[in-house]
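> Got a structure for you, questions after.
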Amino acid sequence: MTRIQPQHAHLLRALHERGLILPCAWDAVSARALQQAGSPAIGTSSAAVAFALGFPDGQVAPRDTLLAALERTLNAVTVPVTADLEGGYADTPQGVADTVRAALSLGAAGLNLEDATGQSDRPLLPAEQQVERLRAARAAAEALGVPAFLNARTDTYLSGYGDTDADRLDETVRRGRAYLRAGADSVFVPGLTDPETIRTLRERLGSPLAVMHALGGPDAHTLLRAGASRVSTGPSLFLAALGHAVTLSAQFRERGTLDTPGALPFGTVQGWFSSSPA
C-alpha cells in the first residue's frame, strides 16, 4: 500500500459529495491520458480492461492477469483510482475478500463489486449472498486500514428485472439499502439514465448514487443535477478509441493516408513515461 492511499480514499469520497464525472481507463497509458486531461480521479472499466488484454468481459480473464493490469494503471497516475472488480473474481465471500485485499494492496482507493451473474436464467445473485460478499470486502479494507470507497453495483436495470418499472425500482431500493447496511458507500445502477427515476431513487436510498452515461442519453451534468453522485463512462471511451482506430486503419488502406486531427505528438506521450506520473 502507498502512504498516500488513505488521502486518495478520502479525496474520492469528497469528490462524490461534490458530484464526480469519472472517466474510465483500460491500461496505463489511457489512465495517464485521463489524468493529463484534468480528471481528479479515474475509474477502470472491467470490460475495457478485459478487451485490451484479449479476453471477453465477464470475469473470464485470470484474476492475476487483471490485477497485474490494475497495478500498471495505478503506477501510471497520481490521482485516486477506483477499480472495477466485477463480482470479485471469486465464488465465496472469502475469495472476494482476497481480491479486494490484493487490489487495495496495490494502491486502489475505491472499488466496484457487482451482483450480476452473467447467466441469462439467473442474472442477479440473491441479495443476501451479495450482502455477505460486500461485508467481506468491507472487512478486508478495514483490516488493511484503508477507508476504501465501496461502490455496490446492482444490475436490476441492465438485466431488465421485473415486469414493470415500479418492480424494478422497488427491487433496486431493496437491494441498495441492504448493500449500504453491509458496508457499501454508494449504490451503482448502470442502465438507469432517466433523471426523474434517479431523483426518486436517490431520495429513497438516502445515499450516494452512481450511474453510467449512455450514448444518446442525458448528459453527465443533467444526471448529477438529478441526484447522481457519480457519472462514469464505463467502456465508452475504449470503444470510441477502438472505433477511431478502425476508421483510420480503413482510411490508410484505401487512401494511403492518415487524417488524425487531435493526435498527440509522439514526444508528448514519450514524456509522460520518461518522468514521474505527476
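By convention here, the chains of the C-alpha cells are called A, B, ... in the order presented, each chain's residues are numbered starting at 1, and ligands are numbered starting at 1 in the order presented.
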Env of A:Leu223: 12 Å cut, atoms = only C-alpha atoms, seq-sep filter 4 positions within chain, self excluded. Answer as a ChimeraX atom specification.

/A:19-21,192-199,202,209-214,217-219,227-232

> From the DSSP assignment of the backbone, select every residue of stretch 32-274 of chain A that is helix (DSSP H, G or I), and format the answer as an MDAnalysis selection string.

chainID A and resid 32:36 46:53 63:75 93:106 127:144 165:181 195:205 220:226 236:255 266:272

> One number please: atom CA of A:Asp167 to atom CA of A:Arg181, in Å, one decimal.

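Going from atom CA of A:Asp167 over to atom CA of A:Arg181, I get 21.4 Å.
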
> What is the atom CA of A:Gln129 to atom CA of A:Arg174 distance in Å?

13.8 Å

> Got a sec to tell me which of stretch 29-261 of chain A DSSP assigns to strand (DSSP E), as a ChimeraX atom specification?

/A:42-44,81-84,110-114,149-153,186-188,209-212,230-232

> Need the shell around A:Ala97: protein/DNA/RNA residues with any atom at most 12 Å away, counting only C-alpha atoms. Skip same-chain ones fewer than 4 positions apart. Format as a VMD selection string?

chain A and resid 85 87 to 93 101 to 105 111 113 132 to 144

> Between atom CA of A:Val187 and atom CA of A:Leu205, measure the distance and give it in Å to one decimal.

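Calculated distance between atom CA of A:Val187 and atom CA of A:Leu205 is 8.6 Å.
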
> Please provide the set of residues having any atom within 8 Å of stretch 50-59 of chain A, restricted to only C-alpha atoms, with same-chain residues fewer than 5 positions apart removed, written as a PyMOL selection string.

chain A and resi 26-27+66+86-87+89+118

> Could the residues in this selection be written to a file with C-alpha atoms, as a compact mmCIF listing (two decimals), in the first residue's frame?


```
# COMPACT_ATOMS: atom_id res chain seq x y z
CA TRP A 26 -8.22 0.36 -19.55
CA ASP A 27 -4.43 0.46 -19.23
CA LEU A 66 -6.38 -8.42 -14.28
CA GLU A 86 -16.74 -7.13 -11.33
CA GLY A 87 -18.02 -9.78 -8.89
CA TYR A 89 -13.38 -12.86 -9.34
CA GLY A 118 -23.61 -13.37 -16.30
```

> Nearest residue to A:Gly160 out of A:Ser274, A:Leu15, A:Gly191, A:Glu254, using only C-alpha atoms?

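Among the listed residues, A:Gly191 lies closest to A:Gly160.
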
> At a cut-off of 7 Å, using only C-alpha atoms, what residues contact A:Leu150? Leave out same-chain residues fewer than 4 positions from it and give the result as a compact mmCIF listing (two decimals) with N, CA, C and O atoms, in the first residue's frame.


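As a result, out11.txt now contains:
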```
# COMPACT_ATOMS: atom_id res chain seq x y z
N GLY A 110 -10.66 2.96 -4.28
CA GLY A 110 -12.06 2.58 -4.28
C GLY A 110 -12.23 1.35 -5.14
O GLY A 110 -11.29 0.90 -5.83
N LEU A 111 -13.43 0.78 -5.10
CA LEU A 111 -13.68 -0.42 -5.89
C LEU A 111 -15.17 -0.61 -6.12
O LEU A 111 -16.00 -0.13 -5.37
N ASN A 112 -15.48 -1.29 -7.23
CA ASN A 112 -16.84 -1.70 -7.56
C ASN A 112 -16.96 -3.20 -7.34
O ASN A 112 -16.06 -3.96 -7.70
N ALA A 184 -21.41 -0.80 2.01
CA ALA A 184 -21.18 -0.02 0.79
C ALA A 184 -21.31 1.47 1.07
O ALA A 184 -22.07 1.89 1.95
N ASP A 185 -20.58 2.28 0.31
CA ASP A 185 -20.66 3.73 0.43
C ASP A 185 -21.64 4.33 -0.56
O ASP A 185 -22.16 5.42 -0.34
N SER A 186 -21.87 3.64 -1.66
CA SER A 186 -22.80 4.12 -2.68
C SER A 186 -23.38 2.94 -3.42
O SER A 186 -22.85 1.82 -3.35
```

> Which one is closest to A:Leu239: A:Gln36, A:Thr65, A:Thr156, A:Ser45? Count only C-alpha atoms.

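Answer, going by the shortest atom-to-atom distance: A:Ser45.
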